[in-house]
>>> print(open('target08.csv').read())   # CSV, C-alpha atoms
chain,number,residue,atom,x,y,z
A,1,MET,CA,-73.8,64.7,-15.6
A,2,LYS,CA,-75.2,61.6,-13.9
A,3,LEU,CA,-73.1,58.5,-14.5
A,4,LYS,CA,-74.8,55.4,-15.8
A,5,ARG,CA,-74.7,52.2,-13.8
A,6,VAL,CA,-72.7,49.2,-15.0
A,7,VAL,CA,-73.6,45.5,-14.3
A,8,VAL,CA,-72.1,42.2,-15.2
A,9,THR,CA,-74.3,40.1,-17.4
A,10,GLY,CA,-72.0,37.3,-18.6
A,11,LEU,CA,-68.9,35.4,-17.5
A,12,GLY,CA,-66.4,33.2,-19.2
A,13,ALA,CA,-63.3,31.4,-17.8
A,14,LEU,CA,-60.5,29.2,-19.0
A,15,THR,CA,-58.3,28.5,-16.0
A,16,PRO,CA,-55.8,26.0,-14.5
A,17,ILE,CA,-58.6,24.6,-12.3
A,18,GLY,CA,-61.5,24.6,-14.7
A,19,ASN,CA,-62.1,25.3,-18.4
A,20,THR,CA,-65.6,26.8,-17.9
A,21,VAL,CA,-67.0,29.2,-15.3
A,22,GLN,CA,-68.9,26.3,-13.6
A,23,ASP,CA,-65.8,24.1,-13.5
A,24,TYR,CA,-63.7,27.0,-12.3
A,25,TRP,CA,-66.2,27.7,-9.4
A,26,GLU,CA,-66.1,24.0,-8.4
A,27,GLY,CA,-62.4,24.2,-8.3
A,28,LEU,CA,-62.4,27.4,-6.2
A,29,LYS,CA,-64.9,26.3,-3.6
A,30,ASN,CA,-63.3,22.9,-3.2
A,31,GLY,CA,-59.8,24.3,-2.8
A,32,VAL,CA,-58.2,22.6,-5.8
A,33,SER,CA,-54.6,23.3,-6.7
A,34,GLY,CA,-53.8,23.8,-10.4
A,35,ALA,CA,-50.1,23.4,-10.0
A,36,ALA,CA,-48.4,20.4,-11.6
A,37,PRO,CA,-45.2,19.6,-13.5
A,38,ILE,CA,-44.9,21.5,-16.8
A,39,THR,CA,-46.0,19.8,-19.9
A,40,HIS,CA,-45.7,22.6,-22.5
A,41,PHE,CA,-41.9,22.1,-22.8
A,42,ASP,CA,-39.0,20.2,-21.2
A,43,ALA,CA,-38.4,22.1,-18.0
A,44,SER,CA,-36.0,19.6,-16.5
A,45,LYS,CA,-33.1,22.0,-16.4
A,46,PHE,CA,-35.1,24.9,-15.0
A,47,LYS,CA,-35.0,26.0,-11.4
A,48,THR,CA,-38.8,25.8,-11.4
A,49,GLN,CA,-40.3,22.8,-13.2
A,50,PHE,CA,-44.0,23.3,-12.5
A,51,ALA,CA,-46.7,25.7,-13.2
A,52,CYS,CA,-50.5,26.2,-13.3
A,53,GLU,CA,-51.2,25.2,-16.9
A,54,VAL,CA,-54.6,25.0,-18.5
A,55,LYS,CA,-55.5,21.3,-18.7
A,56,SER,CA,-57.3,19.1,-21.2
A,57,PHE,CA,-57.6,22.0,-23.7
A,58,ASN,CA,-57.9,21.2,-27.4
A,59,VAL,CA,-58.2,24.4,-29.3
A,60,THR,CA,-59.8,22.6,-32.3
A,61,ASP,CA,-62.8,21.9,-30.1
A,62,PHE,CA,-63.5,25.6,-30.4
A,63,ILE,CA,-61.6,27.1,-33.3
A,64,ASP,CA,-61.0,25.7,-36.8
A,65,ARG,CA,-57.5,24.1,-37.1
A,66,LYS,CA,-56.3,26.4,-39.9
A,67,GLU,CA,-57.5,29.5,-38.0
A,68,ALA,CA,-56.0,28.3,-34.7
A,69,ARG,CA,-52.5,28.1,-36.3
A,70,ARG,CA,-52.7,31.8,-36.9
A,71,LEU,CA,-53.3,32.6,-33.2
A,72,ASP,CA,-50.9,32.6,-30.3
A,73,LYS,CA,-52.2,30.7,-27.3
A,74,PHE,CA,-53.0,33.8,-25.4
A,75,SER,CA,-55.4,34.8,-28.3
A,76,GLN,CA,-56.9,31.3,-28.4
A,77,TYR,CA,-57.6,31.5,-24.7
A,78,ALA,CA,-59.2,35.0,-25.1
A,79,MET,CA,-61.5,33.7,-27.9
A,80,VAL,CA,-62.7,30.7,-25.9
A,81,ALA,CA,-63.4,32.7,-22.7
A,82,SER,CA,-65.1,35.6,-24.5
A,83,ASP,CA,-67.3,33.2,-26.5
A,84,GLU,CA,-68.5,31.6,-23.2
A,85,ALA,CA,-69.2,35.0,-21.7
A,86,ILE,CA,-71.1,36.3,-24.7
A,87,ALA,CA,-73.2,33.1,-24.8
A,88,ASP,CA,-73.8,33.3,-21.0
A,89,SER,CA,-75.0,36.9,-21.4
A,90,GLY,CA,-77.8,35.9,-23.7
A,91,ILE,CA,-77.0,38.9,-26.0
A,92,GLU,CA,-78.9,38.6,-29.3
A,93,LEU,CA,-76.1,39.7,-31.7
A,94,ASP,CA,-78.5,40.5,-34.5
A,95,LYS,CA,-80.5,42.9,-32.4
A,96,VAL,CA,-77.8,45.0,-30.6
A,97,ASN,CA,-76.2,48.1,-32.0
A,98,LYS,CA,-72.8,46.8,-32.6
A,99,GLU,CA,-71.3,50.3,-32.9
A,100,ARG,CA,-72.0,50.5,-29.2
A,101,VAL,CA,-70.4,47.2,-28.3
A,102,GLY,CA,-66.7,47.3,-27.5
A,103,VAL,CA,-63.9,45.0,-26.4
A,104,VAL,CA,-61.4,46.3,-23.9
A,105,TRP,CA,-58.9,43.6,-23.0
A,106,GLY,CA,-55.8,43.1,-20.8
A,107,ALA,CA,-52.6,41.2,-21.4
A,108,GLY,CA,-49.3,41.8,-19.6
A,109,ILE,CA,-47.1,40.1,-22.2
A,110,GLY,CA,-49.1,38.8,-25.2
A,111,GLY,CA,-47.7,36.3,-27.6
A,112,LEU,CA,-44.5,35.3,-25.8
A,113,GLU,CA,-44.5,31.8,-27.1
A,114,THR,CA,-44.8,33.0,-30.7
A,115,PHE,CA,-42.0,35.5,-30.2
A,116,GLN,CA,-39.8,32.8,-28.6
A,117,GLU,CA,-40.4,30.3,-31.4
A,118,GLU,CA,-39.7,32.8,-34.2
A,119,VAL,CA,-36.5,34.2,-32.7
A,120,LEU,CA,-35.2,30.7,-31.9
A,121,ASN,CA,-35.9,29.5,-35.5
A,122,TYR,CA,-34.1,32.6,-36.9
A,123,GLY,CA,-31.1,31.9,-34.6
A,124,LYS,CA,-30.8,28.3,-35.9
A,125,GLY,CA,-30.5,29.6,-39.5
A,126,ASP,CA,-27.8,31.1,-41.5
A,127,GLY,CA,-28.9,34.7,-40.9
A,128,THR,CA,-31.4,34.7,-43.8
A,129,PRO,CA,-34.6,36.2,-42.5
A,130,ARG,CA,-37.3,33.6,-42.7
A,131,PHE,CA,-40.2,34.6,-40.5
A,132,ASN,CA,-43.8,33.4,-40.4
A,133,PRO,CA,-46.0,36.1,-42.0
A,134,PHE,CA,-48.3,35.7,-39.0
A,135,PHE,CA,-45.4,36.4,-36.5
A,136,ILE,CA,-46.3,40.0,-35.7
A,137,PRO,CA,-50.1,39.6,-35.8
A,138,LYS,CA,-49.8,36.5,-33.5
A,139,MET,CA,-47.5,38.2,-31.1
A,140,ILE,CA,-48.9,41.7,-30.5
A,141,ALA,CA,-51.0,42.1,-27.3
A,142,ASP,CA,-53.8,44.0,-28.9
A,143,MET,CA,-54.7,41.2,-31.3
A,144,ALA,CA,-57.0,39.4,-28.8
A,145,PRO,CA,-59.6,42.2,-28.6
A,146,GLY,CA,-59.2,42.7,-32.4
A,147,LEU,CA,-60.1,39.0,-33.0
A,148,ILE,CA,-63.0,39.1,-30.7
A,149,SER,CA,-64.4,42.2,-32.5
A,150,ILE,CA,-63.8,40.7,-35.9
A,151,LYS,CA,-65.7,37.4,-35.0
A,152,HIS,CA,-68.7,39.2,-33.6
A,153,GLY,CA,-68.7,42.5,-35.6
A,154,PHE,CA,-68.3,44.7,-32.5
A,155,MET,CA,-67.3,48.2,-33.6
A,156,GLY,CA,-67.1,50.1,-30.3
A,157,PRO,CA,-63.9,50.9,-28.3
A,158,ASN,CA,-61.3,48.2,-29.0
A,159,TYR,CA,-57.8,47.9,-27.5
A,160,THR,CA,-55.6,46.2,-24.9
A,161,THR,CA,-54.4,47.6,-21.7
A,162,VAL,CA,-50.9,46.7,-20.6
A,163,SER,CA,-49.9,47.2,-16.9
A,164,ALA,CA,-48.3,43.8,-16.1
A,165,CYS,CA,-50.3,41.9,-13.6
A,166,ALA,CA,-52.9,44.7,-13.3
A,167,SER,CA,-53.7,44.7,-17.0
A,168,SER,CA,-57.1,43.1,-17.0
A,169,ALA,CA,-58.3,45.0,-13.9
A,170,ASN,CA,-57.2,48.2,-15.8
A,171,ALA,CA,-59.2,47.0,-18.8
A,172,MET,CA,-62.3,46.5,-16.6
A,173,ILE,CA,-62.0,50.0,-15.1
A,174,ASP,CA,-61.6,51.5,-18.6
A,175,ALA,CA,-64.7,49.6,-19.7
A,176,LEU,CA,-66.6,50.8,-16.6
A,177,ASN,CA,-65.8,54.4,-17.4
A,178,TYR,CA,-66.8,54.1,-21.1
A,179,ILE,CA,-70.2,52.8,-20.2
A,180,ARG,CA,-70.7,55.2,-17.3
A,181,LEU,CA,-70.1,58.1,-19.6
A,182,GLY,CA,-72.5,56.8,-22.2
A,183,HIS,CA,-69.9,55.9,-24.9
A,184,ALA,CA,-70.9,52.2,-25.1
A,185,ASP,CA,-73.8,50.0,-24.1
A,186,ILE,CA,-71.8,46.7,-23.7
A,187,ILE,CA,-68.1,46.0,-23.4
A,188,VAL,CA,-66.5,42.6,-23.4
A,189,SER,CA,-63.7,42.9,-21.0
A,190,GLY,CA,-61.2,40.7,-19.2
A,191,GLY,CA,-57.7,39.3,-20.0
A,192,SER,CA,-55.6,36.4,-21.2
A,193,GLU,CA,-52.1,35.2,-20.8
A,194,ALA,CA,-50.0,32.3,-22.0
A,195,ALA,CA,-46.5,32.8,-20.6
A,196,VAL,CA,-45.8,29.2,-19.5
A,197,ALA,CA,-42.9,28.9,-22.0
A,198,ALA,CA,-39.2,28.6,-21.7
A,199,ALA,CA,-38.7,32.3,-21.9
A,200,GLY,CA,-41.4,33.1,-19.3
A,201,MET,CA,-40.2,30.5,-16.8
A,202,GLY,CA,-36.5,31.3,-17.4
A,203,GLY,CA,-37.1,35.1,-17.1
A,204,PHE,CA,-39.1,34.9,-13.9
A,205,ASN,CA,-36.6,32.4,-12.4
A,206,ALA,CA,-33.7,34.8,-13.2
A,207,MET,CA,-35.6,37.4,-11.1
A,208,HIS,CA,-36.0,34.8,-8.2
A,209,ALA,CA,-39.7,35.5,-8.4
A,210,LEU,CA,-41.0,31.9,-8.7
A,211,SER,CA,-41.4,29.2,-6.1
A,212,THR,CA,-38.9,26.4,-6.6
A,213,ARG,CA,-40.8,23.8,-4.6
A,214,ASN,CA,-40.3,21.1,-7.2
A,215,ASP,CA,-40.8,18.3,-4.7
A,216,ASP,CA,-44.4,19.4,-3.9
A,217,PRO,CA,-45.8,21.6,-6.7
A,218,LYS,CA,-49.4,21.4,-5.5
A,219,THR,CA,-48.7,23.3,-2.3
A,220,ALA,CA,-46.1,25.7,-3.7
A,221,SER,CA,-48.5,28.6,-4.1
A,222,ARG,CA,-49.0,29.4,-0.4
A,223,PRO,CA,-50.0,33.1,0.2
A,224,PHE,CA,-49.6,34.4,3.7
A,225,ASP,CA,-47.7,31.2,4.9
A,226,LYS,CA,-44.4,31.8,6.7
A,227,ASN,CA,-42.7,29.4,4.3
A,228,ARG,CA,-43.8,30.9,1.0
A,229,ASP,CA,-41.0,31.3,-1.5
A,230,GLY,CA,-42.5,32.9,-4.6
A,231,PHE,CA,-45.4,32.8,-7.0
A,232,VAL,CA,-46.5,29.9,-9.3
A,233,LEU,CA,-46.8,31.0,-12.9
A,234,GLY,CA,-50.3,30.4,-14.4
A,235,GLU,CA,-52.1,30.8,-17.7
A,236,GLY,CA,-55.6,31.2,-19.1
A,237,SER,CA,-58.3,33.7,-19.6
A,238,GLY,CA,-61.3,35.4,-18.0
A,239,ALA,CA,-64.0,37.4,-19.7
A,240,LEU,CA,-66.8,39.6,-18.4
A,241,ILE,CA,-69.7,41.2,-20.2
A,242,LEU,CA,-70.1,44.7,-18.7
A,243,GLU,CA,-73.4,46.3,-19.6
A,244,GLU,CA,-75.3,49.5,-18.9
A,245,TYR,CA,-77.9,48.7,-16.3
A,246,GLU,CA,-81.0,50.1,-18.2
A,247,HIS,CA,-79.8,48.3,-21.4
A,248,ALA,CA,-79.5,45.1,-19.5
A,249,LYS,CA,-82.9,45.5,-17.8
A,250,ALA,CA,-84.6,46.3,-21.1
A,251,ARG,CA,-83.5,43.0,-22.7
A,252,GLY,CA,-84.3,41.0,-19.5
A,253,ALA,CA,-80.7,40.0,-18.9
A,254,LYS,CA,-79.7,38.1,-15.8
A,255,ILE,CA,-77.4,40.2,-13.7
A,256,TYR,CA,-74.6,38.8,-11.6
A,257,ALA,CA,-73.5,41.9,-9.8
A,258,GLU,CA,-72.9,45.6,-10.2
A,259,LEU,CA,-69.4,46.9,-11.0
A,260,ILE,CA,-69.7,49.8,-8.6
A,261,GLY,CA,-66.2,51.3,-8.8
A,262,GLY,CA,-62.5,51.1,-9.7
A,263,GLY,CA,-59.3,52.7,-8.4
A,264,LEU,CA,-55.8,53.2,-9.8
A,265,SER,CA,-52.5,54.2,-8.3
A,266,ALA,CA,-48.8,53.8,-8.6
A,267,ASP,CA,-46.2,52.8,-6.0
A,268,ALA,CA,-43.6,55.1,-7.6
A,269,TYR,CA,-41.0,53.0,-5.7
A,270,HIS,CA,-39.3,50.1,-7.5
A,271,MET,CA,-39.4,48.2,-10.8
A,272,THR,CA,-40.4,44.9,-9.2
A,273,ALA,CA,-40.5,45.2,-5.4
A,274,PRO,CA,-43.6,46.4,-3.6
A,275,HIS,CA,-43.4,49.4,-1.3
A,276,PRO,CA,-42.8,47.8,2.2
A,277,GLU,CA,-45.5,49.9,3.8
A,278,GLY,CA,-48.0,49.3,1.0
A,279,THR,CA,-48.3,53.0,0.2
A,280,GLY,CA,-49.6,52.6,-3.3
A,281,VAL,CA,-51.9,49.8,-2.2
A,282,LYS,CA,-53.5,52.0,0.5
A,283,THR,CA,-54.0,54.7,-2.1
A,284,VAL,CA,-55.6,52.4,-4.7
A,285,MET,CA,-58.1,50.9,-2.2
A,286,ARG,CA,-59.1,54.3,-1.0
A,287,ASN,CA,-59.4,55.6,-4.5
A,288,CYS,CA,-61.7,52.6,-5.3
A,289,LEU,CA,-63.9,53.1,-2.3
A,290,GLU,CA,-64.3,56.8,-3.1
A,291,ASN,CA,-65.0,56.1,-6.8
A,292,ALA,CA,-67.7,53.6,-5.7
A,293,GLY,CA,-69.2,55.9,-3.1
A,294,LEU,CA,-68.7,53.3,-0.4
A,295,LYS,CA,-67.2,53.3,3.1
A,296,PRO,CA,-64.6,50.8,4.3
A,297,GLU,CA,-67.2,49.1,6.5
A,298,ASP,CA,-69.3,48.3,3.5
A,299,VAL,CA,-66.8,45.7,2.2
A,300,ASP,CA,-67.4,42.0,3.1
A,301,ALA,CA,-64.6,40.3,1.2
A,302,ILE,CA,-61.3,41.1,-0.4
A,303,ASN,CA,-59.6,38.8,-3.0
A,304,THR,CA,-56.1,40.0,-2.5
A,305,HIS,CA,-53.3,40.2,-5.0
A,306,GLY,CA,-51.7,37.7,-2.7
A,307,THR,CA,-49.1,36.2,-4.9
A,308,SER,CA,-47.2,34.2,-2.3
A,309,THR,CA,-44.1,36.3,-2.3
A,310,PRO,CA,-42.3,37.1,1.0
A,311,LEU,CA,-42.6,40.9,0.7
A,312,GLY,CA,-45.8,41.4,-1.3
A,313,ASP,CA,-48.2,39.5,1.0
A,314,VAL,CA,-47.1,41.4,4.1
A,315,ALA,CA,-47.2,44.8,2.5
A,316,GLU,CA,-50.7,44.2,1.1
A,317,LEU,CA,-52.1,43.0,4.4
A,318,LYS,CA,-50.5,46.0,6.2
A,319,ALA,CA,-52.3,48.3,3.8
A,320,ILE,CA,-55.6,46.5,4.3
A,321,THR,CA,-55.3,46.9,8.0
A,322,GLU,CA,-54.6,50.6,7.7
A,323,VAL,CA,-57.4,51.3,5.2
A,324,PHE,CA,-60.1,49.2,6.9
A,325,GLY,CA,-59.1,49.6,10.6
A,326,GLU,CA,-61.0,47.5,13.0
A,327,HIS,CA,-63.4,46.4,10.2
A,328,ALA,CA,-60.5,44.5,8.6
A,329,LYS,CA,-60.9,41.8,11.2
A,330,THR,CA,-64.5,41.1,10.0
A,331,ILE,CA,-63.6,40.9,6.3
A,332,ASN,CA,-63.1,37.6,4.6
A,333,ILE,CA,-59.6,38.0,3.0
A,334,ASN,CA,-58.4,35.4,0.6
A,335,SER,CA,-56.1,34.7,-2.3
A,336,THR,CA,-57.4,32.5,-5.1
A,337,LYS,CA,-53.9,32.5,-6.5
A,338,SER,CA,-53.2,29.8,-4.0
A,339,MET,CA,-55.3,27.6,-6.4
A,340,THR,CA,-54.8,29.1,-9.9
A,341,GLY,CA,-51.3,30.4,-9.6
A,342,HIS,CA,-50.6,33.9,-11.0
A,343,LEU,CA,-52.1,34.5,-14.4
A,344,LEU,CA,-50.2,37.8,-14.9
A,345,GLY,CA,-52.3,40.0,-17.1
A,346,ALA,CA,-55.3,37.7,-16.8
A,347,ALA,CA,-55.2,37.6,-13.0
A,348,GLY,CA,-57.5,40.6,-12.5
A,349,ALA,CA,-60.2,39.0,-14.8
A,350,ILE,CA,-60.4,35.6,-13.2
A,351,GLU,CA,-60.1,37.0,-9.7
A,352,ALA,CA,-62.9,39.4,-10.4
A,353,ILE,CA,-65.0,36.4,-11.6
A,354,ALA,CA,-64.2,34.7,-8.3
A,355,SER,CA,-65.4,37.8,-6.4
A,356,ILE,CA,-68.6,37.9,-8.4
A,357,LEU,CA,-69.3,34.2,-7.8
A,358,ALA,CA,-68.7,34.7,-4.1
A,359,ILE,CA,-71.4,37.3,-4.1
A,360,LYS,CA,-73.8,35.1,-6.1
A,361,HIS,CA,-73.2,31.9,-4.0
A,362,GLY,CA,-72.6,33.4,-0.6
A,363,LEU,CA,-69.3,31.6,-0.3
A,364,VAL,CA,-65.8,32.9,-0.1
A,365,PRO,CA,-63.2,30.5,-1.7
A,366,PRO,CA,-60.3,29.5,0.5
A,367,THR,CA,-56.6,30.4,0.6
A,368,ILE,CA,-55.2,26.9,0.4
A,369,ASN,CA,-51.8,25.5,1.3
A,370,HIS,CA,-51.4,27.4,4.6
A,371,SER,CA,-49.7,25.5,7.4
A,372,THR,CA,-47.4,27.9,9.2
A,373,ALA,CA,-48.4,31.3,10.6
A,374,ASP,CA,-46.2,34.3,9.7
A,375,GLU,CA,-45.4,36.4,12.8
A,376,LYS,CA,-45.4,39.5,10.4
A,377,ILE,CA,-49.1,38.9,9.7
A,378,SER,CA,-51.8,39.7,12.3
A,379,PRO,CA,-53.5,36.6,13.5
A,380,GLU,CA,-56.7,38.7,13.9
A,381,LEU,CA,-57.2,38.8,10.1
A,382,ASN,CA,-59.5,36.2,8.7
A,383,LEU,CA,-57.5,34.9,5.7
A,384,THR,CA,-60.1,32.2,4.9
A,385,LEU,CA,-57.5,29.5,5.4
A,386,ASN,CA,-57.7,26.1,3.7
A,387,LYS,CA,-61.5,25.9,3.6
A,388,ALA,CA,-64.2,28.0,1.9
A,389,GLN,CA,-66.4,30.0,4.3
A,390,GLU,CA,-70.1,30.7,3.9
A,391,ARG,CA,-71.3,34.3,4.4
A,392,GLU,CA,-73.4,36.8,2.7
A,393,VAL,CA,-71.2,38.9,0.5
A,394,LYS,CA,-72.9,42.2,-0.5
A,395,VAL,CA,-69.6,44.0,-1.6
A,396,ALA,CA,-66.4,42.3,-2.8
A,397,MET,CA,-63.1,43.9,-3.6
A,398,SER,CA,-60.4,42.5,-5.9
A,399,ASN,CA,-56.8,43.8,-5.9
A,400,THR,CA,-54.2,43.4,-8.6
A,401,PHE,CA,-50.7,44.9,-8.7
A,402,GLY,CA,-48.1,44.8,-11.5
A,403,PHE,CA,-44.4,45.2,-12.0
A,404,GLY,CA,-43.6,48.8,-12.4
A,405,GLY,CA,-45.7,49.7,-9.4
A,406,HIS,CA,-49.1,49.6,-11.2
A,407,ASN,CA,-52.1,49.1,-8.8
A,408,ALA,CA,-55.7,48.5,-9.8
A,409,CYS,CA,-58.7,47.7,-7.6
A,410,VAL,CA,-62.3,46.9,-8.5
A,411,LEU,CA,-65.4,46.7,-6.4
A,412,PHE,CA,-68.5,44.5,-7.1
A,413,LYS,CA,-71.8,44.9,-5.3
A,414,LYS,CA,-74.9,42.7,-5.0
A,415,LEU,CA,-77.6,44.4,-7.1
A,416,ASP,CA,-80.1,46.3,-5.0
>>> encode(input="target08.csv", output="structure tokens")
Amino acid sequence: MKLKRVVVTGLGALTPIGNTVQDYWEGLKNGVSGAAPITHFDASKFKTQFACEVKSFNVTDFIDRKEARRLDKFSQYAMVASDEAIADSGIELDKVNKERVGVVWGAGIGGLETFQEEVLNYGKGDGTPRFNPFFIPKMIADMAPGLISIKHGFMGPNYTTVSACASSANAMIDALNYIRLGHADIIVSGGSEAAVAAAGMGGFNAMHALSTRNDDPKTASRPFDKNRDGFVLGEGSGALILEEYEHAKARGAKIYAELIGGGLSADAYHMTAPHPEGTGVKTVMRNCLENAGLKPEDVDAINTHGTSTPLGDVAELKAITEVFGEHAKTININSTKSMTGHLLGAAGAIEAIASILAIKHGLVPPTINHSTADEKISPELNLTLNKAQEREVKVAMSNTFGFGGHNACVLFKKLD
């Protein structure tokens, strides 16, 4: 059976550095930091008092007030980003076969803020159960794709993938395979997350996972820098319209890039720590290259997982050096988390969009906030430090890894 080709025909983004794809790209290419003191709740007693929040977002600009109250923030973000992507794709909703249009979404946590509020409210009471009837529908992670399908009438495959920070990359790979195998013509894919809440910040602080650079939040996310001290929590959403190539051509769609392959692996090592030699990371990148039918020397740019943790950054770069050999020195390696922070389950989606836009514009966004070289990292690697770099990008790779040892990798290619 010959596999069908899959292309990207629409993009949507709601991020800490831009609330549309265009604004997100402006933030990326100009090296804007999305980190700032937390406004969603009083974080004055927390070890970390800053995050990469979505800014200037008024949900009622997009969703009716009554309806918005029934949605957790992670679902609100999903609806806004997916609407932008669907509009961008130019799909005529009254002409497509909606039984062949699906939604495969990613979320690592889902409605954390809703869960927190309901449990706290119950704890303040006398033990009588008084829960919001929308508690469960707001909280569950699969509600985001459900809501997208309900709004637009999409009746194809519909579910959420959950693999922590690899969730939305997993979703894209699932969507890729459904279309490749002929089970769908179009799939709305991506991810959303809204974990900048007391429970999210407190939980990650207890793990010693977050940066505590409260005196200088804007530079706290510093992948590959010797003085990095943890990741910066982010929130938002990214959406991609994945479409069968011939279907896209037939309707005259604009095509951003081809999703040429995806790889998966497990570290099988530790609940939260990466394998120090990057064993699972090497495997996932090799799996992705094989799936795409590409060689290591075909890759021009890699948007790394690059969270700004002491162990993770070194392990990933070790793995890249081993997989790509001498060619690793010619690749533009970067981490857009230096600007957006870590969007957990939505990271794979917004970072895939960054890779696609690098292909479109011939510009690799920078890894910002780097000031001190780490002797554990080869100085021969081009980490695209502090300033965007122009180059033709024909093939871009995006890596995402999650707690539990889940690894996902996707490859995008300029359309021939």
>>> atom_distance(input="target08.csv", atom1="atom CA of A:Glu390", atom2="atom CA of A:Gly191")
28.3 Å
>>> residues_around(input="target08.csv", residues="A:Arg69", least_positions_apart="6", cutoff="10 Å", atoms="only C-alpha atoms", output="PyMOL selection string")
chain A and resi 59-60+63+76+134+138
>>> write_last_selection(input="target08.csv", atoms="C-alpha atoms", output="PDB file, in the frame of the given file")
ATOM      1  CA  VAL A  59     -58.200  24.400 -29.300  1.00  0.00           C
ATOM      2  CA  THR A  60     -59.800  22.600 -32.300  1.00  0.00           C
ATOM      3  CA  ILE A  63     -61.600  27.100 -33.300  1.00  0.00           C
ATOM      4  CA  GLN A  76     -56.900  31.300 -28.400  1.00  0.00           C
ATOM      5  CA  PHE A 134     -48.300  35.700 -39.000  1.00  0.00           C
ATOM      6  CA  LYS A 138     -49.800  36.500 -33.500  1.00  0.00           C
TER       7      LYS A 138
END
>>> closest_residue(input="target08.csv", among="A:Gly108, A:Gly18, A:Pro137, A:Gly31", to="A:Val364", atoms="all atoms listed in the file")
A:Gly31
>>> atom_distance(input="target08.csv", atom1="atom CA of A:Val119", atom2="atom CA of A:Asp64")
26.3 Å
>>> atom_distance(input="target08.csv", atom1="atom CA of A:Leu242", atom2="atom CA of A:Ser265")
22.5 Å
>>> residues_around(input="target08.csv", residues="A:Lys282", least_positions_apart="4", cutoff="12 Å", atoms="only C-alpha atoms", output="ChimeraX atom specification")
/A:263-267,275-278,286-289,296,315-325,399,401,407-409
>>> closest_residue(input="target08.csv", among="A:Met201, A:Leu415, A:Ala87, A:Ile255", to="A:Phe50", atoms="all atoms listed in the file")
A:Met201
>>> decode(input="target08.csv", residues="stretch 3-20 of chain A", atoms="C-alpha atoms", output="compact mmCIF listing (two decimals), in the first residue's frame")
# COMPACT_ATOMS: atom_id res chain seq x y z
CA LEU A 3 1.12 5.90 1.82
CA LYS A 4 -0.55 9.23 1.09
CA ARG A 5 1.39 12.47 1.56
CA VAL A 6 0.42 14.91 4.31
CA VAL A 7 0.84 18.68 4.15
CA VAL A 8 0.19 21.62 6.46
CA THR A 9 -2.43 24.01 5.11
CA GLY A 10 -3.36 26.11 8.14
CA LEU A 11 -1.81 27.42 11.35
CA GLY A 12 -3.13 28.93 14.56
CA ALA A 13 -1.26 30.10 17.66
CA LEU A 14 -2.03 31.63 21.04
CA THR A 15 1.27 31.98 22.89
CA PRO A 16 3.07 33.99 25.59
CA ILE A 17 4.78 36.05 22.85
CA GLY A 18 1.91 36.52 20.43
CA ASN A 19 -1.81 35.79 20.23
CA THR A 20 -1.86 35.04 16.49
